[in-house]
Amino acid sequence: MVIESKGRISNISSIAGTLSGRFWAPYNISKHALEAYTDDLAAEMSLFDVQVSAINPGNYNSKIGTKEASALAKKPYSQPGSIYAEYIAEDIEYMSDRSMYKEPDEVTAAVIHALFDPGPKSNYLVVPNEKEAQWTIHKIMEEMAELNADHKYSYTDEELVKMLKKATAAQRE
């Protein structure tokens with residue numbers, strides 16, 4: 001039906017599809033996998049003029065960590081005396097209350113754009129502040145630099161800048 005109607009597919013991923021953090025491995029793994037799946041699905045669906053997008057929200061007010069914090073608090077490695085206890089206690093506190101974050105209205109707007117705009121984007125970075133955008137973009141660039149380093153097919157800085165300019169120009173079209 002999606003192919004016949006030239007519909008849209010929008011996957012809700014996360015900046016955790018690029019970033020990783022301690023004690024969030026199951027979530028991070030699922031979002032990294034969803035990013036790869038979305039890229040593959042976009043390539044397949046492009047054969048049929050079906051647009052596929054990934055919505056990548058940052059930290060917004062939600063209940064995402066409540067269940068995880070409760071489960072984590074019961075684990076033996078979070079109990080007093082564990083080498084992880086101090087670190088896990090910080091994360092449990094952080095995950096338990098996300099009320100300090102903005103409401104996810106920007107995420108809703110990105111989903112609406114992806115589903116209904118004549119020119120949907122492939123990827124939507126939807127973050128509540130510049131710091132989260134910086135973390136995400138910096139991590140992508142850091143990984144690119146690591147992949148480019150010290151092999152016989154490495155690109156010069158000038159070649160990388162040229163590639164980046166070409167990619168950003170394509171996004172403006």
# chains A, B, ... in the order shown; residues from 1 in each chain; ligands from 1
>>> select_by_dssp(residues="range 75-124 of chain A", states="alpha helix (DSSP H)", output="list in words")
Ala85, Glu86, Tyr87, Ile88, Ala89, Glu90, Asp91, Ile92, Glu93, Tyr94, Met95, Ser96, Asp105, Glu106, Val107, Thr108, Ala109, Ala110, Val111, Ile112, His113, Ala114, Leu115 and Phe116 of chain A
>>> residues_around(residues="Ile12 in chain A", least_positions_apart="4", cutoff="12 Å", atoms="only C-alpha atoms", output="JSON list (two decimals) with C-alpha atoms, in the first residue's frame")
[["chain", "number", "residue", "atom", "x", "y", "z"],
["A", 16, "ALA", "CA", 21.46, 8.12, 20.39],
["A", 17, "GLY", "CA", 21.65, 6.63, 16.88],
["A", 30, "SER", "CA", 18.41, -0.15, 18.92],
["A", 31, "LYS", "CA", 18.79, 3.41, 17.62],
["A", 32, "HIS", "CA", 22.08, 2.69, 15.81],
["A", 33, "ALA", "CA", 20.33, -0.28, 14.17],
["A", 34, "LEU", "CA", 17.32, 1.85, 13.28],
["A", 35, "GLU", "CA", 19.60, 4.37, 11.57],
["A", 37, "TYR", "CA", 17.69, 0.14, 8.68],
["A", 38, "THR", "CA", 16.32, 3.56, 7.69],
["A", 52, "VAL", "CA", 11.88, 7.54, 3.96],
["A", 53, "SER", "CA", 12.98, 9.78, 6.83],
["A", 54, "ALA", "CA", 14.62, 9.38, 10.21],
["A", 55, "ILE", "CA", 13.53, 11.73, 12.98],
["A", 56, "ASN", "CA", 16.41, 12.13, 15.45],
["A", 57, "PRO", "CA", 15.23, 13.84, 18.63],
["A", 58, "GLY", "CA", 17.46, 14.90, 21.45],
["A", 107, "VAL", "CA", 9.62, 16.65, 17.34],
["A", 108, "THR", "CA", 5.94, 16.67, 16.39],
["A", 110, "ALA", "CA", 9.44, 17.40, 12.29],
["A", 111, "VAL", "CA", 7.21, 14.33, 11.99],
["A", 114, "ALA", "CA", 8.44, 14.42, 7.08],
["A", 123, "ASN", "CA", 17.21, 13.02, 8.35],
["A", 124, "TYR", "CA", 15.81, 15.43, 10.90],
["A", 125, "LEU", "CA", 18.05, 16.50, 13.77],
["A", 126, "VAL", "CA", 15.56, 17.83, 16.33]]
>>> atom_distance(atom1="CA of Glu86 in chain A", atom2="CA of Ser70 in chain A")
15.8 Å
>>> closest_atom_pairs(of="range 9-118 of chain A", to="range 128-134 of chain A", cutoff="9 Å", atoms="only C-alpha atoms", output="CSV")
residue,atom,partner,partner_atom,distance
A:Ile15,CA,A:Glu132,CA,8.4
A:Pro57,CA,A:Pro128,CA,8.5
A:Gly58,CA,A:Glu132,CA,6.7
A:Asn59,CA,A:Pro128,CA,6.8
A:Tyr60,CA,A:Pro128,CA,7.0
A:Tyr101,CA,A:Pro128,CA,7.9
A:Lys102,CA,A:Pro128,CA,6.8
A:Pro104,CA,A:Pro128,CA,8.6
A:Glu106,CA,A:Pro128,CA,8.0
>>> select_by_dssp(residues="range 23-152 of chain A", states="strand (DSSP E or B)", output="list of chain:residue names")
A:Gln51, A:Val52, A:Ser53, A:Ala54, A:Ile55, A:Asn56, A:Pro57, A:Asn123, A:Tyr124, A:Leu125, A:Val126
>>> write_last_selection(atoms="C-alpha atoms", output="PDB file, in the first residue's frame")
ATOM      1  CA  GLN A  51      10.278   8.911   0.777  1.00  0.00           C
ATOM      2  CA  VAL A  52      11.878   7.545   3.957  1.00  0.00           C
ATOM      3  CA  SER A  53      12.975   9.777   6.831  1.00  0.00           C
ATOM      4  CA  ALA A  54      14.616   9.382  10.212  1.00  0.00           C
ATOM      5  CA  ILE A  55      13.532  11.730  12.975  1.00  0.00           C
ATOM      6  CA  ASN A  56      16.411  12.126  15.447  1.00  0.00           C
ATOM      7  CA  PRO A  57      15.226  13.841  18.633  1.00  0.00           C
ATOM      8  CA  ASN A 123      17.206  13.020   8.353  1.00  0.00           C
ATOM      9  CA  TYR A 124      15.808  15.432  10.899  1.00  0.00           C
ATOM     10  CA  LEU A 125      18.047  16.499  13.767  1.00  0.00           C
ATOM     11  CA  VAL A 126      15.559  17.826  16.327  1.00  0.00           C
TER      12      VAL A 126
END
>>> closest_residue(among="A:His151, A:Lys121, A:Arg8, A:His113", to="Asp49 in chain A", atoms="only C-alpha atoms")
A:Arg8
>>> atom_distance(atom1="CA of Trp135 in chain A", atom2="CA of Thr18 in chain A")
9.5 Å
>>> closest_atom_pairs(of="range 88-166 of chain A", to="range 71-74 of chain A", cutoff="9 Å", atoms="only C-alpha atoms", output="tab-separated table")
residue	atom	partner	partner_atom	distance
A:Ile88	CA	A:Leu72	CA	7.8
A:Ala89	CA	A:Ala73	CA	7.7
A:Ile92	CA	A:Ala73	CA	6.9
>>> closest_residue(among="A:Ser62, A:Thr156, A:Asn148, A:Ser78", to="Phe23 in chain A", atoms="only C-alpha atoms")
A:Ser78
